[in-house]
$ cat coords00.pdb   # PDB, C-alpha atoms
ATOM      1  CA  MET A   1       3.229   7.290   1.339
ATOM      2  CA  ASP A   2       2.819   7.604  -2.414
ATOM      3  CA  ASP A   3       4.793   4.848  -4.107
ATOM      4  CA  SER A   4       4.172   6.179  -7.615
ATOM      5  CA  THR A   5       6.967   8.761  -7.225
ATOM      6  CA  PRO A   6      10.022   6.905  -5.896
ATOM      7  CA  PHE A   7      12.374   8.988  -3.783
ATOM      8  CA  ASP A   8      15.752   9.701  -5.353
ATOM      9  CA  LEU A   9      18.303  10.224  -2.584
ATOM     10  CA  ASN A  10      21.039  11.523  -4.894
ATOM     11  CA  ALA A  11      18.703  14.092  -6.430
ATOM     12  CA  ALA A  12      17.511  15.184  -2.963
ATOM     13  CA  ILE A  13      21.119  15.586  -1.805
ATOM     14  CA  GLN A  14      21.953  17.599  -4.924
ATOM     15  CA  THR A  15      19.027  19.941  -4.225
ATOM     16  CA  TRP A  16      20.089  20.306  -0.581
ATOM     17  CA  ARG A  17      23.681  21.007  -1.660
ATOM     18  CA  GLY A  18      22.623  23.473  -4.333
ATOM     19  CA  LYS A  19      20.977  25.670  -1.725
ATOM     20  CA  LEU A  20      24.137  25.857   0.390
ATOM     21  CA  GLU A  21      26.508  26.238  -2.569
ATOM     22  CA  SER A  22      25.517  29.872  -3.070
ATOM     23  CA  SER A  23      26.774  30.763   0.408
ATOM     24  CA  PRO A  24      30.296  32.207   0.676
ATOM     25  CA  ALA A  25      30.617  30.792   4.207
ATOM     26  CA  LEU A  26      30.955  27.173   3.041
ATOM     27  CA  SER A  27      33.772  25.831   0.859
ATOM     28  CA  VAL A  28      33.447  22.803  -1.443
ATOM     29  CA  GLY A  29      35.371  20.738   1.138
ATOM     30  CA  ASN A  30      32.910  21.802   3.864
ATOM     31  CA  LEU A  31      29.986  20.748   1.670
ATOM     32  CA  ASP A  32      31.625  17.399   0.849
ATOM     33  CA  GLU A  33      31.994  16.703   4.547
ATOM     34  CA  LEU A  34      28.410  17.685   5.359
ATOM     35  CA  GLU A  35      27.151  15.554   2.472
ATOM     36  CA  SER A  36      29.127  12.592   3.770
ATOM     37  CA  HIS A  37      27.524  13.154   7.189
ATOM     38  CA  LEU A  38      24.041  13.404   5.671
ATOM     39  CA  ARG A  39      24.518  10.114   3.825
ATOM     40  CA  ASP A  40      25.773   8.389   6.990
ATOM     41  CA  ALA A  41      22.895   9.729   9.077
ATOM     42  CA  THR A  42      20.334   8.756   6.411
ATOM     43  CA  ALA A  43      21.753   5.225   6.204
ATOM     44  CA  THR A  44      21.694   4.838  10.027
ATOM     45  CA  LEU A  45      18.084   6.025  10.275
ATOM     46  CA  ALA A  46      17.003   3.865   7.321
ATOM     47  CA  ALA A  47      18.577   0.834   9.014
ATOM     48  CA  MET A  48      16.242   1.519  11.949
ATOM     49  CA  GLY A  49      13.252   0.889   9.709
ATOM     50  CA  LEU A  50      12.453   4.299   8.216
ATOM     51  CA  SER A  51      11.950   4.781   4.481
ATOM     52  CA  THR A  52      14.854   6.501   2.705
ATOM     53  CA  GLU A  53      12.769   9.650   2.284
ATOM     54  CA  GLU A  54      11.806   9.802   5.975
ATOM     55  CA  ALA A  55      15.402   9.057   6.987
ATOM     56  CA  PHE A  56      16.698  11.830   4.721
ATOM     57  CA  LEU A  57      14.204  14.382   6.041
ATOM     58  CA  ILE A  58      15.082  13.636   9.668
ATOM     59  CA  ALA A  59      18.814  13.682   8.895
ATOM     60  CA  CYS A  60      18.393  17.127   7.274
ATOM     61  CA  ARG A  61      16.491  18.406  10.269
ATOM     62  CA  ARG A  62      19.137  17.167  12.705
ATOM     63  CA  MET A  63      21.836  18.761  10.575
ATOM     64  CA  GLY A  64      20.339  22.234  11.146
ATOM     65  CA  THR A  65      18.895  24.916   8.874
ATOM     66  CA  GLY A  66      20.797  26.568   6.038
ATOM     67  CA  ALA A  67      20.899  29.859   7.971
ATOM     68  CA  ALA A  68      22.282  28.218  11.137
ATOM     69  CA  LEU A  69      24.964  26.329   9.203
ATOM     70  CA  GLU A  70      25.929  29.449   7.297
ATOM     71  CA  TRP A  71      26.222  31.420  10.528
ATOM     72  CA  GLU A  72      28.428  28.827  12.261
ATOM     73  CA  TYR A  73      30.663  28.243   9.235
ATOM     74  CA  GLY A  74      30.881  32.008   8.703
ATOM     75  CA  LYS A  75      32.593  32.319  12.092
ATOM     76  CA  VAL A  76      35.339  29.874  11.033
ATOM     77  CA  ASN A  77      35.626  30.909   7.357
ATOM     78  CA  ARG A  78      35.775  34.655   8.012
ATOM     79  CA  GLU A  79      38.172  35.366   5.099
ATOM     80  CA  ARG A  80      35.837  33.746   2.580
ATOM     81  CA  VAL A  81      32.864  35.757   3.832
ATOM     82  CA  TRP A  82      34.772  39.067   3.753
ATOM     83  CA  LEU A  83      36.201  38.385   0.295
ATOM     84  CA  ASP A  84      32.665  37.791  -0.934
ATOM     85  CA  ARG A  85      31.454  41.028   0.656
ATOM     86  CA  ALA A  86      34.384  42.949  -0.873
ATOM     87  CA  LEU A  87      33.554  41.480  -4.290
ATOM     88  CA  TRP A  88      29.915  42.585  -4.025
ATOM     89  CA  GLY A  89      31.116  46.019  -2.886
ATOM     90  CA  ILE A  90      33.322  46.330  -5.997
ATOM     91  CA  ILE A  91      30.471  45.142  -8.250
ATOM     92  CA  GLY A  92      28.240  47.798  -6.635
ATOM     93  CA  CYS A  93      30.802  50.580  -7.242
ATOM     94  CA  VAL A  94      31.305  49.545 -10.882
ATOM     95  CA  LEU A  95      27.542  49.473 -11.381
ATOM     96  CA  VAL A  96      27.117  52.984  -9.930
ATOM     97  CA  VAL A  97      29.913  54.375 -12.133
ATOM     98  CA  ALA A  98      28.433  52.665 -15.221
ATOM     99  CA  LEU A  99      24.952  53.997 -14.446
ATOM    100  CA  SER A 100      26.142  57.557 -13.909
ATOM    101  CA  SER A 101      28.072  57.443 -17.227
ATOM    102  CA  PHE A 102      24.933  56.163 -18.928
ATOM    103  CA  VAL A 103      22.830  58.963 -17.436
ATOM    104  CA  SER A 104      25.254  61.748 -18.418
ATOM    105  CA  GLY A 105      25.750  60.214 -21.883
ATOM    106  CA  LEU A 106      22.021  60.092 -22.499
ATOM    107  CA  THR A 107      21.557  63.650 -21.237
ATOM    108  CA  THR A 108      24.325  64.946 -23.532
ATOM    109  CA  CYS A 109      22.784  63.181 -26.551
ATOM    110  CA  VAL A 110      19.336  64.625 -25.923
ATOM    111  CA  THR A 111      20.726  68.134 -25.316
ATOM    112  CA  MET A 112      22.756  67.974 -28.524
ATOM    113  CA  LEU A 113      19.666  66.844 -30.379
ATOM    114  CA  GLY A 114      17.785  69.807 -28.900
ATOM    115  CA  ALA A 115      20.590  72.168 -30.003
ATOM    116  CA  ALA A 116      20.543  70.669 -33.497
ATOM    117  CA  LEU A 117      16.807  71.355 -33.666
ATOM    118  CA  ALA A 118      17.661  74.968 -32.696
ATOM    119  CA  LEU A 119      15.563  74.980 -29.479
ATOM    120  CA  PRO A 120      15.801  78.188 -27.420
ATOM    121  CA  GLY A 121      18.221  78.275 -24.413
ATOM    122  CA  ASN A 122      15.481  78.016 -21.778
ATOM    123  CA  ALA A 123      13.880  74.990 -23.384
ATOM    124  CA  LEU A 124      17.311  73.335 -23.675
ATOM    125  CA  GLY A 125      17.924  73.861 -19.937
ATOM    126  CA  VAL A 126      14.553  72.342 -19.005
ATOM    127  CA  LEU A 127      15.108  69.431 -21.370
ATOM    128  CA  TYR A 128      18.559  68.829 -19.913
ATOM    129  CA  GLY A 129      17.245  68.741 -16.344
ATOM    130  CA  PHE A 130      14.234  66.611 -17.224
ATOM    131  CA  VAL A 131      16.210  63.961 -19.141
ATOM    132  CA  HIS A 132      18.859  63.878 -16.436
ATOM    133  CA  LEU A 133      16.315  63.317 -13.667
ATOM    134  CA  ALA A 134      14.293  60.780 -15.657
ATOM    135  CA  ALA A 135      17.359  58.714 -16.590
ATOM    136  CA  LEU A 136      18.614  58.812 -13.008
ATOM    137  CA  ALA A 137      15.228  57.749 -11.614
ATOM    138  CA  GLY A 138      14.921  54.966 -14.196
ATOM    139  CA  ALA A 139      18.405  53.616 -13.454
ATOM    140  CA  THR A 140      17.837  53.740  -9.677
ATOM    141  CA  LEU A 141      14.471  52.000  -9.981
ATOM    142  CA  GLY A 142      15.976  49.274 -12.182
ATOM    143  CA  LEU A 143      18.851  48.683  -9.742
ATOM    144  CA  TRP A 144      16.476  48.604  -6.766
ATOM    145  CA  ARG A 145      14.216  46.027  -8.450
ATOM    146  CA  VAL A 146      17.171  43.765  -9.292
ATOM    147  CA  CYS A 147      18.499  44.011  -5.697
ATOM    148  CA  ARG A 148      15.070  43.326  -4.183
ATOM    149  CA  LYS A 149      14.554  40.271  -6.385
ATOM    150  CA  THR A 150      17.966  38.839  -5.436
ATOM    151  CA  VAL A 151      17.444  39.442  -1.709
ATOM    152  CA  THR A 152      13.958  37.864  -1.776
ATOM    153  CA  SER A 153      15.112  34.740  -3.570
ATOM    154  CA  LEU A 154      18.024  34.372  -1.127
ATOM    155  CA  SER A 155      15.924  34.868   2.002
ATOM    156  CA  GLU A 156      13.240  32.446   0.809
ATOM    157  CA  TRP A 157      15.336  29.391   1.532
ATOM    158  CA  ARG A 158      17.382  30.846   4.348
ATOM    159  CA  PHE A 159      14.553  32.083   6.525
ATOM    160  CA  GLY A 160      11.339  30.995   4.830
TER     161      GLY A 160
ATOM    162  CA  MET B   1      18.905  18.734  28.415
ATOM    163  CA  LEU B   2      21.952  20.967  28.760
ATOM    164  CA  SER B   3      21.682  24.724  28.420
ATOM    165  CA  LYS B   4      22.959  26.342  25.222
ATOM    166  CA  GLU B   5      25.889  27.902  27.099
ATOM    167  CA  LEU B   6      26.954  24.617  28.652
ATOM    168  CA  VAL B   7      26.731  22.835  25.291
ATOM    169  CA  ALA B   8      28.976  25.534  23.790
ATOM    170  CA  ALA B   9      31.480  25.279  26.651
ATOM    171  CA  SER B  10      31.644  21.480  26.713
ATOM    172  CA  THR B  11      31.842  20.732  22.974
ATOM    173  CA  VAL B  12      35.604  21.238  22.588
ATOM    174  CA  PRO B  13      36.617  19.131  25.654
ATOM    175  CA  LEU B  14      34.161  16.392  24.663
ATOM    176  CA  VAL B  15      35.448  16.240  21.093
ATOM    177  CA  LEU B  16      39.067  16.268  22.321
ATOM    178  CA  SER B  17      38.307  13.411  24.728
ATOM    179  CA  ILE B  18      36.683  11.322  21.999
ATOM    180  CA  LEU B  19      39.560  11.937  19.599
ATOM    181  CA  ALA B  20      42.000  10.954  22.367
ATOM    182  CA  GLU B  21      40.533   7.439  22.000
ATOM    183  CA  GLY B  22      41.688   7.352  18.367
ATOM    184  CA  GLU B  23      41.078   9.042  15.017
ATOM    185  CA  SER B  24      37.509   9.426  13.916
ATOM    186  CA  TYR B  25      35.244  11.023  11.313
ATOM    187  CA  GLY B  26      32.680  13.642  12.288
ATOM    188  CA  TYR B  27      29.624  11.422  12.527
ATOM    189  CA  ALA B  28      31.174   9.020  15.052
ATOM    190  CA  PRO B  29      31.742  11.579  17.898
ATOM    191  CA  ILE B  30      28.128  12.728  17.555
ATOM    192  CA  GLN B  31      26.876   9.175  17.999
ATOM    193  CA  ARG B  32      29.322   8.477  20.820
ATOM    194  CA  VAL B  33      28.284  11.554  22.822
ATOM    195  CA  GLN B  34      24.607  10.728  22.380
ATOM    196  CA  GLU B  35      25.198   7.162  23.500
ATOM    197  CA  LEU B  36      27.365   8.059  26.542
ATOM    198  CA  SER B  37      25.037  10.821  27.745
ATOM    199  CA  GLY B  38      21.956   8.667  27.271
ATOM    200  CA  GLY B  39      20.653  11.193  24.749
ATOM    201  CA  ARG B  40      20.840  14.090  27.197
ATOM    202  CA  ILE B  41      23.608  15.856  25.317
ATOM    203  CA  GLU B  42      22.210  16.588  21.896
ATOM    204  CA  TRP B  43      24.305  18.481  19.392
ATOM    205  CA  SER B  44      22.860  20.198  16.389
ATOM    206  CA  GLU B  45      24.843  17.913  14.108
ATOM    207  CA  GLY B  46      25.917  20.396  11.459
ATOM    208  CA  MET B  47      27.444  22.607  14.181
ATOM    209  CA  LEU B  48      30.109  20.077  15.091
ATOM    210  CA  TYR B  49      31.971  20.522  11.806
ATOM    211  CA  PRO B  50      32.718  24.251  12.149
ATOM    212  CA  VAL B  51      34.024  23.444  15.660
ATOM    213  CA  LEU B  52      36.290  20.731  14.219
ATOM    214  CA  HIS B  53      37.550  23.179  11.587
ATOM    215  CA  TRP B  54      38.257  25.784  14.220
ATOM    216  CA  MET B  55      40.189  23.163  16.224
ATOM    217  CA  GLU B  56      42.159  22.310  13.090
ATOM    218  CA  LYS B  57      43.037  25.980  12.501
ATOM    219  CA  GLU B  58      44.212  26.226  16.116
ATOM    220  CA  GLY B  59      46.443  23.195  15.555
ATOM    221  CA  LEU B  60      44.617  20.962  18.061
ATOM    222  CA  VAL B  61      43.630  18.351  15.476
ATOM    223  CA  GLU B  62      44.623  17.364  11.941
ATOM    224  CA  SER B  63      42.473  15.857   9.227
ATOM    225  CA  THR B  64      42.758  13.610   6.174
ATOM    226  CA  TRP B  65      40.244  12.399   3.601
ATOM    227  CA  LYS B  66      40.051   8.609   3.426
ATOM    228  CA  GLU B  67      37.982   6.164   1.463
ATOM    229  CA  ALA B  68      35.835   3.794   3.527
ATOM    230  CA  GLU B  69      35.172   0.138   2.590
ATOM    231  CA  THR B  70      31.853   1.260   1.116
ATOM    232  CA  GLY B  71      33.738   3.485  -1.330
ATOM    233  CA  ARG B  72      32.474   6.656   0.347
ATOM    234  CA  ARG B  73      35.015   9.349   1.223
ATOM    235  CA  ARG B  74      35.164  10.559   4.800
ATOM    236  CA  LYS B  75      37.260  13.199   6.542
ATOM    237  CA  TYR B  76      39.063  11.724   9.549
ATOM    238  CA  TYR B  77      40.301  13.813  12.455
ATOM    239  CA  ARG B  78      43.266  12.988  14.676
ATOM    240  CA  LEU B  79      44.438  14.649  17.894
ATOM    241  CA  ARG B  80      47.732  16.564  17.755
ATOM    242  CA  GLN B  81      50.178  17.212  20.571
ATOM    243  CA  ASP B  82      48.729  20.694  21.229
ATOM    244  CA  GLY B  83      45.285  19.128  21.403
ATOM    245  CA  ARG B  84      46.474  16.752  24.115
ATOM    246  CA  LYS B  85      47.804  19.670  26.133
ATOM    247  CA  VAL B  86      44.511  21.553  25.821
ATOM    248  CA  LEU B  87      42.648  18.400  26.812
ATOM    249  CA  GLN B  88      44.795  18.065  29.948
ATOM    250  CA  ALA B  89      44.087  21.673  30.928
ATOM    251  CA  GLU B  90      40.355  21.303  30.222
ATOM    252  CA  ARG B  91      40.267  18.083  32.250
ATOM    253  CA  GLN B  92      41.803  19.837  35.249
ATOM    254  CA  GLN B  93      39.310  22.705  35.064
ATOM    255  CA  TRP B  94      36.230  20.516  34.660
ATOM    256  CA  LEU B  95      37.364  18.229  37.501
ATOM    257  CA  THR B  96      37.897  21.257  39.744
ATOM    258  CA  VAL B  97      34.351  22.482  39.105
ATOM    259  CA  HIS B  98      32.979  18.983  39.488
ATOM    260  CA  SER B  99      34.715  18.210  42.789
ATOM    261  CA  THR B 100      33.838  21.606  44.287
ATOM    262  CA  GLN B 101      30.180  21.210  43.389
ATOM    263  CA  THR B 102      30.113  17.626  44.630
ATOM    264  CA  LYS B 103      31.513  18.686  48.021
ATOM    265  CA  LEU B 104      28.984  21.499  48.330
ATOM    266  CA  TRP B 105      26.076  19.280  47.359
ATOM    267  CA  THR B 106      27.186  16.503  49.737
ATOM    268  CA  THR B 107      27.266  18.847  52.737
ATOM    269  CA  ARG B 108      23.898  20.330  51.715
ATOM    270  CA  PRO B 109      21.927  17.339  50.462
ATOM    271  CA  HIS B 110      18.665  19.299  50.224
ATOM    272  CA  LEU B 111      20.032  20.938  47.057
ATOM    273  CA  THR B 112      20.361  17.675  45.174
TER     274      THR B 112
END
$ encode --input "coords00.pdb" --output "structure tokens"
Amino acid sequence: MDDSTPFDLNAAIQTWRGKLESSPALSVGNLDELESHLRDATATLAAMGLSTEEAFLIACRRMGTGAALEWEYGKVNRERVWLDRALWGIIGCVLVVALSSFVSGLTTCVTMLGAALALPGNALGVLYGFVHLAALAGATLGLWRVCRKTVTSLSEWRFG
Amino acid sequence: MLSKELVAASTVPLVLSILAEGESYGYAPIQRVQELSGGRIEWSEGMLYPVLHWMEKEGLVESTWKEAETGRRRKYYRLRQDGRKVLQAERQQWLTVHSTQTKLWTTRPHLT
């Protein structure tokens, strides 16, 4: 083992806790209790002759993975999980409304600009359709990229 | 090693039985079960806490945070009256299964 980088138990526990904190299935009280368990288990294993780092790693493994804990706690804390889902649903709706307003606003601006430049009716119609489609595609692509990034970063620690 | 189904079915009666001996914090029942079963009953440790919380919601146990001599806070669980009743019922059911199986296996020793 490399002695040049001493193991900091408190920092390791903070990192472990940070990963679970983002889950709606676990409350602060739940995390406090699990942390207390992790400290007890680490101390017991260290007393058997393991280094603190080894003891901590084994204690974490015996505790179970983040996904398994989240699943089990989710069954007991159903209200918390559903409230979180409802919140994300509302955020999604607001985002869709905001994006559609943005798209129609942009389209109106461009069409008005076209009218001000005295473009013929046909050209105005094409411009209107093109700007509308482009803005809609851009907004959808942006939203999709944000969602994909969030889902990837979440699944990295849960399943990876 | 017990099957997953049997672990799931026996967790509540085991925890109730341990708490019937006196109040305890989560880590102690895990150690006690391991010790009594000779390591053959192995719980995924983090899974015990959601079970304890479910038991608390059902009114079988109650909990309080206390500070240990080391200064560390721990959540202690205590059996309630409803928990005792459930434990009695569970005890009857497990003993029924146990005695029936024992009789069957005694009359047909080749199965054991």
$ closest_atom_pairs --input "coords00.pdb" --of "segment 23-92 of chain A" --to "segment 26-35 of chain B" --cutoff "9 Å" --atoms "all atoms listed in the file" --output "Markdown table"
| residue | atom | partner | partner_atom | distance |
| --- | --- | --- | --- | --- |
| A:Glu33 | CA | B:Gly26 | CA | 8.4 |
| A:Ser36 | CA | B:Tyr27 | CA | 8.8 |
| A:His37 | CA | B:Tyr27 | CA | 6.0 |
| A:Asp40 | CA | B:Tyr27 | CA | 7.4 |
| A:Ala41 | CA | B:Tyr27 | CA | 7.7 |
$ resolve_selection --input "coords00.pdb" --expression "the PyMOL selection byres ((chain A and resi 64) around 8)" --output "PyMOL selection string"
(chain A and resi 60-63+65-66+68-69) or (chain B and resi 44-47)
$ residues_near_point --input "coords00.pdb" --point "(19.9, 11.7, 6.3)" --cutoff "7 Å" --atoms "all atoms listed in the file" --output "ChimeraX atom specification"
/A:38-43,55-60
$ closest_residue --input "coords00.pdb" --among "A:Val76, A:Ile13, A:Val146, A:Leu26" --to "chain B" --atoms "all atoms listed in the file"
A:Val76
$ closest_residue --input "coords00.pdb" --among "A:Thr52, A:Ser23, A:Thr15, A:Thr107" --to "Ala67 of chain A" --atoms "all atoms listed in the file"
A:Ser23
$ residues_around --input "coords00.pdb" --residues "Arg74 of chain B" --least-positions-apart "4" --cutoff "8 Å" --atoms "all atoms listed in the file" --output "list in words"
Glu33 and Ser36 of chain A; Tyr25, Trp65, Lys66, Glu67 and Ala68 of chain B
$ resolve_selection --input "coords00.pdb" --expression "the PyMOL selection byres ((chain B and resi 55) around 12)" --output "VMD selection string"
(chain A and resid 76) or (chain B and resid 11 to 13 15 to 16 19 48 to 54 56 to 63 77 to 80 82 to 84 86 to 87)
$ axis_aligned_box --input "coords00.pdb" --around "segment 143-150 of chain A" --padding-each-side "6 Å" --output "AutoDock Vina command-line options"
--center_x 16.5 --center_y 43.8 --center_z -7.0 --size_x 16.6 --size_y 21.8 --size_z 17.6
$ atom_distance --input "coords00.pdb" --atom1 "atom CA of Arg91 of chain B" --atom2 "atom CA of Glu21 of chain B"
14.8 Å
$ closest_residue --input "coords00.pdb" --among "B:Ser17, B:Met1, B:Ala9, B:Lys75" --to "chain A" --atoms "only C-alpha atoms"
B:Lys75
$ closest_residue --input "coords00.pdb" --among "A:Lys75, A:Pro6, A:Leu20, A:Ala11" --to "chain B" --atoms "only C-alpha atoms"
A:Lys75
$ resolve_selection --input "coords00.pdb" --expression "the PyMOL selection byres ((chain A and resi 121-133) around 6)" --output "PyMOL selection string"
chain A and resi 107+111+120+134-136
$ atom_distance --input "coords00.pdb" --atom1 "atom CA of Val7 of chain B" --atom2 "atom CA of Thr106 of chain B"
25.3 Å
$ closest_residue --input "coords00.pdb" --among "A:Phe102, A:Trp88, A:Trp71, A:Phe7" --to "chain B" --atoms "only C-alpha atoms"
A:Trp71
$ atom_distance --input "coords00.pdb" --atom1 "atom CA of Trp43 of chain B" --atom2 "atom CA of Glu5 of chain B"
12.3 Å
$ closest_residue --input "coords00.pdb" --among "B:Leu104, B:Trp94, B:Gln88, B:Arg73" --to "chain A" --atoms "only C-alpha atoms"
B:Arg73
